[in-house]
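Participant: Before I ask anything, let me first share the structure, which is written out below as structure tokens.
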Amino acid sequence: MTPHIAIPLEKTALETYVPPAKPSLVGLSRADLMARLGDIGVPDKQRRMRAQQLWHWMYVRGANSFAEMSNVSKDMRAALEQHFTVDRPEVVAEQVSNDGTRKWLLRLPGDGVGRAHEIECVYIPETDRGTLCVSSQVGCTLNCSFCHTGTQRLVRNLTAGEIVGQVMVARDRLNDWVDRDTPNGNRLVTNIVLMGMGEPLYNFDAVRDALLLMSDGEGIGISRRRITLSTSGVVPNIARIGAETGVMLAISLHAVRDELRNELVPLNRKYPIRELLDACRNYPGASNARRITFEYVMLKDVNDSLDDAKLLVKLLKDIPAKINLIPFNPWPGSRYECSDWDRIEKFSEYIFSAGYSSPVRTPRGRDILAACGQLKSETEKLSVRERDALRAMAMTD
Ligand code: SAH
Ligand code: SF4
């Protein structure tokens with residue numbers, strides 16, 4: 001019999017979002033944007049055209065204010081100004097790594113009594129692409145034992161505007177909007193990964209809406225094939241996100257046996273490996289040309305043996321997959337160490353010989369703590385002791 005498991009998946013009550021008095025139009029669907037225009041008296045037959053204009057200004061040109069919107073009448077601009085903004089999250093700090101990685105600390109409205117939240121967003125330039133790593137929650141309700149974000153006390157779901165707003169902030173800061181003044185006009189942000197703070201499939205609606213905005217051909221226009229959502233395995237929402245957005249999928253697998261995965265990724269107790277892999281087999285649009293990425297964090301003497309590699313290959317046999325080995329990034333108080341380099345190489349060679357591309361993810365931006373799993377707001381820590389107590393409770397339940 002399966003033991004009764006009461007993992008505190010929700011480690012704290014989720015905070016509710018309190019919108020600012022003057023809300024931002026960033027993040028609304030076209031239909032909602034038209035409805036808001038209706039609210040301020042824009043006649044029915046003008047709404048579609050006005051919404052189209054606003055859409056172009058916000059998502060193609062990156063306008064920061066209504067004043068810039070030169071083809072919108074003066075009266076209309078004044079009315080918009082009175083009721084709305086086109087604000088995105090506020091940048092409170094920017095750090096540039098010696099490898100060119102940039103990390104922004106962004107401030108978001110808090111709980112309505114003056115407490116603000118912070119999230120992080122990271123831009124990683126490479127020769128053939130520029131990848132933006134976006135957060136979907138403040139903190140994370142899940143409790144993966146190797147992840148720094150999981151130690152954060154307060155959790156709030158980001159709104160669609162706050163998620164897509166991170167892409168807009170990056171384009172603002174990198175001067176990466178459409179009329180970019182560079183020799184070849186190439187865009188800097190070409191790819192998006194939802195691998196920042198939070199579990200995206202625990203914030204389904206806002207994440208879906210934001211993904212649709214990022215990939216909108218008349219707006220930000222980043223192809224769905226260049227957007228990857230990473231999940232720790234919220235099985236019921238995997239098929240839904242595929243069907244509703246068509247983005248690429250990455251799975252934080254990290255272990256090939258339920259016993260170990262239960263410990264590393266406690267959500268596994270609810271959705272074990274077999275169910276997770278079934279959801280992958282049925283992921284809409286998965287094919288050899290559109291492979292699912294399996295992320296595997298290399299933890300010394302925990303999950304890095306050749307037997308693990310063998311079982312991994314066996315498990316993924318009939319799934320169009322690629323495997324991404326991630327060297328563990330330690331953080332203060334973490335209980336694991338990164339596997340030795342020759343272990344990682346052996347693991348990777350075995351996978352490669354089995355026919356998989358198995359790139360080892362190069363840690364980027366280490367000097368500014370921008371690497372995977374290190375994103376975390378310093379202000380909202382759960383102490384290591386508190387966290388261990390929580391985990392112990394979970395294990396004995
Ligand atoms: N919550 C989602 C997405 C955010 S985490 C998920 O878990 O998939 C993005 C990736 O970073 C995941 O694969 C996660 O397991 C990994 N990660 C977390 N902490 C890490 C650490 N300390 N070192 C290396 N990778 C880590
Ligand atoms: Fe949350 Fe992902 Fe970190 Fe797990 S690895 S605690 S799901 S952010």
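Following the order of the structure tokens, chains are lettered A, B, ..., residues in each are numbered from 1, and ligands are numbered from 1.
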Can you tell me, as a PyMOL selection string, which residues in stretch 221-365 of chain A count as helix (DSSP H, G or I) by DSSP?

Facilitator: chain A and resi 224-226+235-245+258-264+266-269+273-281+306-315+341-353

Participant: Show which residues sit within 9 Å of A:Val86, as a PyMOL selection string. Count only C-alpha atoms, and ignore same-chain residues fewer than 3 positions away.

Facilitator: chain A and resi 23-26+58+63-66

Participant: Within 6 Å of ligand 2, which residues of chain A show up? Give each one with its shortest atom-to-atom distance in Å (one decimal) and the two atoms involved, counting only C-alpha atoms and all ligand atoms, rows by chain then rising residue number, as JSON lines.

Facilitator:
{"residue": "A:Cys140", "atom": "CA", "partner": "ligand 2", "partner_atom_place_in_ligand_line": "1 (Fe)", "distance": 4.7}
{"residue": "A:Leu142", "atom": "CA", "partner": "ligand 2", "partner_atom_place_in_ligand_line": "6 (S)", "distance": 4.7}
{"residue": "A:Asn143", "atom": "CA", "partner": "ligand 2", "partner_atom_place_in_ligand_line": "6 (S)", "distance": 4.5}
{"residue": "A:Cys144", "atom": "CA", "partner": "ligand 2", "partner_atom_place_in_ligand_line": "4 (Fe)", "distance": 4.2}
{"residue": "A:Cys147", "atom": "CA", "partner": "ligand 2", "partner_atom_place_in_ligand_line": "3 (Fe)", "distance": 4.6}
{"residue": "A:Thr149", "atom": "CA", "partner": "ligand 2", "partner_atom_place_in_ligand_line": "3 (Fe)", "distance": 5.1}
{"residue": "A:Gly150", "atom": "CA", "partner": "ligand 2", "partner_atom_place_in_ligand_line": "6 (S)", "distance": 3.7}
{"residue": "A:Met197", "atom": "CA", "partner": "ligand 2", "partner_atom_place_in_ligand_line": "8 (S)", "distance": 5.2}
{"residue": "A:Gly198", "atom": "CA", "partner": "ligand 2", "partner_atom_place_in_ligand_line": "8 (S)", "distance": 4.4}
{"residue": "A:Glu199", "atom": "CA", "partner": "ligand 2", "partner_atom_place_in_ligand_line": "7 (S)", "distance": 4.8}
{"residue": "A:Ser232", "atom": "CA", "partner": "ligand 2", "partner_atom_place_in_ligand_line": "7 (S)", "distance": 5.0}

Participant: Could you pull out the residues sitting within 7 Å of ligand 1, using only C-alpha atoms and all ligand atoms, and write them as a VMD selection string?

Facilitator: chain A and resid 146 to 148 194 to 200 230 to 232 251 to 252 295 to 297 326 to 331 372 to 374

Participant: Please list as a PyMOL selection string every residue within 8 Å of A:Met248, counting only C-alpha atoms and excluding residues in the same chain fewer than 3 positions away.

Facilitator: chain A and resi 224-229+242+290-292

Participant: Could you go through stretch 39-195 of chain A and tell me which residues DSSP, when run on the backbone, assigns to strand (DSSP E), listing them as a ChimeraX atom specification?

Facilitator: /A:90-96,102-108,117-125,130-133,137-138,156-157,191-194

Participant: Please dump the current selection as an mmCIF file, in the first residue's frame; keep C-alpha atoms.

Facilitator:
data_model
loop_
_atom_site.group_PDB
_atom_site.id
_atom_site.type_symbol
_atom_site.label_atom_id
_atom_site.label_comp_id
_atom_site.auth_asym_id
_atom_site.auth_seq_id
_atom_site.Cartn_x
_atom_site.Cartn_y
_atom_site.Cartn_z
ATOM 1 C CA GLU A 90 10.845 48.042 -11.589
ATOM 2 C CA VAL A 91 14.581 47.364 -11.924
ATOM 3 C CA VAL A 92 16.265 47.873 -8.565
ATOM 4 C CA ALA A 93 19.695 46.467 -9.408
ATOM 5 C CA GLU A 94 21.577 45.288 -12.423
ATOM 6 C CA GLN A 95 24.678 43.114 -12.240
ATOM 7 C CA VAL A 96 26.897 42.280 -15.189
ATOM 8 C CA ARG A 102 23.312 40.053 -16.721
ATOM 9 C CA LYS A 103 21.076 39.706 -13.726
ATOM 10 C CA TRP A 104 18.310 42.094 -12.837
ATOM 11 C CA LEU A 105 16.686 42.344 -9.470
ATOM 12 C CA LEU A 106 13.086 43.428 -10.009
ATOM 13 C CA ARG A 107 10.641 44.845 -7.498
ATOM 14 C CA LEU A 108 6.967 43.945 -7.562
ATOM 15 C CA HIS A 117 8.580 41.499 -3.394
ATOM 16 C CA GLU A 118 11.674 40.878 -5.436
ATOM 17 C CA ILE A 119 12.391 38.476 -8.242
ATOM 18 C CA GLU A 120 15.371 37.889 -10.462
ATOM 19 C CA CYS A 121 15.720 37.577 -14.182
ATOM 20 C CA VAL A 122 18.907 36.598 -16.028
ATOM 21 C CA TYR A 123 20.141 37.245 -19.573
ATOM 22 C CA ILE A 124 22.737 34.836 -20.959
ATOM 23 C CA PRO A 125 24.407 35.847 -24.225
ATOM 24 C CA GLY A 130 20.606 35.258 -26.257
ATOM 25 C CA THR A 131 18.567 33.455 -23.631
ATOM 26 C CA LEU A 132 16.445 35.124 -21.005
ATOM 27 C CA CYS A 133 15.712 33.112 -17.878
ATOM 28 C CA GLN A 137 6.625 32.992 -8.916
ATOM 29 C CA VAL A 138 8.142 34.904 -6.036
ATOM 30 C CA ARG A 156 3.275 34.796 -4.577
ATOM 31 C CA ASN A 157 2.220 33.923 -8.089
ATOM 32 C CA ASN A 191 15.167 32.576 -26.578
ATOM 33 C CA ILE A 192 13.225 32.352 -23.341
ATOM 34 C CA VAL A 193 13.452 29.717 -20.641
ATOM 35 C CA LEU A 194 11.054 29.538 -17.710
#

Participant: Determine the nearest neighbour of A:Asp32 from the options A:Glu81, A:Gly355, A:Leu325, A:Asp209, counting only C-alpha atoms.

Facilitator: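 Among A:Glu81, A:Gly355, A:Leu325, A:Asp209, it is A:Asp209 that comes nearest to A:Asp32.
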
Participant: Grab the atom CA of A:Ala79 to atom CA of A:Ile40 distance for me, in Å with one decimal place.

Facilitator: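 We find that atom CA of A:Ala79 and atom CA of A:Ile40 lie 7.4 Å from each other.
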
Participant: Quick one: residues within 8 Å of A:Ala321, only C-alpha atoms, excluding same-chain residues fewer than 4 positions away - as a list of chain:residue names?

Facilitator: A:Asn288, A:Arg291, A:Ile292, A:Thr293, A:Phe294, A:Leu316, A:Tyr356

Participant: Check which residues of stretch 302-367 of chain A sit at most 10 Å from stretch 267-278 of chain A using only C-alpha atoms, and return one row each with the closest pair of atoms and their distance in Å to one decimal, ordered by chain and rising number, as CSV.

Facilitator:
residue,atom,partner,partner_atom,distance
A:Leu315,CA,A:Leu277,CA,8.1
A:Leu316,CA,A:Leu277,CA,7.9
A:Asp318,CA,A:Leu277,CA,9.8
A:Ile319,CA,A:Leu277,CA,8.2

Participant: Between atom CA of A:Arg129 and atom CA of A:Gly100, measure the distance and give it in Å to one decimal.

Facilitator: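 These two atoms are separated by 12.9 Å.
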